[in-house]
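Right, one structure below, let's go through it.
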Amino acid sequence: KDMLDNGTVVNDKMIETPKSFQVACNVMTQIIAQIASNQYGGQSINISCLSPYLKKSYEKNLKLSRTILDDD
């Protein structure tokens, strides 16, 4: 959650806070891959940290669809 909310560095590249659900999922995948490559055993995650990004994407798409429908 902290890495998503505050940004992180993966493979020496700064990754800013995601602005959409899709990007947040991609960043989380990269974070998990980095953790998995540095330790043995399994990893477990709590996907509830993705909910703010899902809401951002929902609101963005809702606004877009309303704009398109209002233009017709």
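Residues are referred to by chain and number: the chain letter is A, B, ... according to the order shown in the structure tokens, the number counts from 1 in that chain, and ligands are numbered separately from 1 in the order shown.
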Residue set, chain A restricted to helix (DSSP H, G or I), as a short mmCIF file (atom, residue, chain, number, x, y, z; two decimals) with C-alpha atoms, in the first residue's frame:
data_model
loop_
_atom_site.label_atom_id
_atom_site.label_comp_id
_atom_site.auth_asym_id
_atom_site.auth_seq_id
_atom_site.Cartn_x
_atom_site.Cartn_y
_atom_site.Cartn_z
CA ASP A 2 2.76 2.42 0.93
CA MET A 3 4.60 1.76 -2.33
CA LEU A 4 1.48 2.48 -4.36
CA ASP A 5 0.44 5.53 -2.36
CA ASN A 6 3.87 7.17 -2.22
CA PHE A 21 -6.60 0.96 -11.67
CA GLN A 22 -4.82 -0.60 -14.65
CA VAL A 23 -1.53 1.13 -13.86
CA ALA A 24 -1.87 0.28 -10.15
CA CYS A 25 -2.28 -3.40 -11.06
CA ASN A 26 0.79 -3.26 -13.29
CA VAL A 27 2.86 -1.59 -10.58
CA MET A 28 1.69 -4.12 -8.00
CA THR A 29 2.71 -6.93 -10.36
CA GLN A 30 6.18 -5.42 -10.71
CA ILE A 31 6.51 -5.01 -6.95
CA ILE A 32 5.49 -8.63 -6.36
CA ALA A 33 7.94 -9.85 -9.02
CA GLN A 34 10.79 -7.93 -7.37
CA ILE A 35 9.94 -9.32 -3.94
CA ALA A 36 9.60 -12.85 -5.29
CA SER A 37 12.98 -12.67 -7.02
CA ILE A 47 -5.69 -6.39 -2.95
CA SER A 48 -7.81 -3.94 -0.96
CA CYS A 49 -4.99 -1.40 -1.45
CA LEU A 50 -6.10 -1.23 -5.10
CA SER A 51 -9.57 0.09 -4.23
CA PRO A 52 -8.65 3.82 -4.36
CA TYR A 53 -7.32 3.34 -7.89
CA LEU A 54 -10.42 1.44 -8.95
CA LYS A 55 -12.51 4.34 -7.69
CA LYS A 56 -10.34 6.85 -9.60
CA SER A 57 -10.79 4.88 -12.83
CA TYR A 58 -14.52 4.53 -12.24
CA GLU A 59 -14.96 8.26 -11.66
CA LYS A 60 -12.84 9.14 -14.71
CA ASN A 61 -14.83 6.78 -16.97
CA LEU A 62 -18.16 7.91 -15.52
CA LYS A 63 -17.27 11.53 -16.24
CA LEU A 64 -16.16 10.64 -19.77
CA SER A 65 -19.35 8.70 -20.50
CA ARG A 66 -21.51 11.54 -19.19
CA THR A 67 -19.63 14.01 -21.36
CA ILE A 68 -20.13 11.82 -24.43
CA LEU A 69 -23.82 11.29 -23.70
CA ASP A 70 -24.41 14.99 -23.07
CA ASP A 71 -22.89 15.85 -26.46
#
Residue set, chain A restricted to strand (DSSP E or B), as a PyMOL selection string: chain A and resi 8-10+13-15
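The space between CA of Gly41 (chain A) and CA of Thr8 (chain A) spans 23.1 Å.
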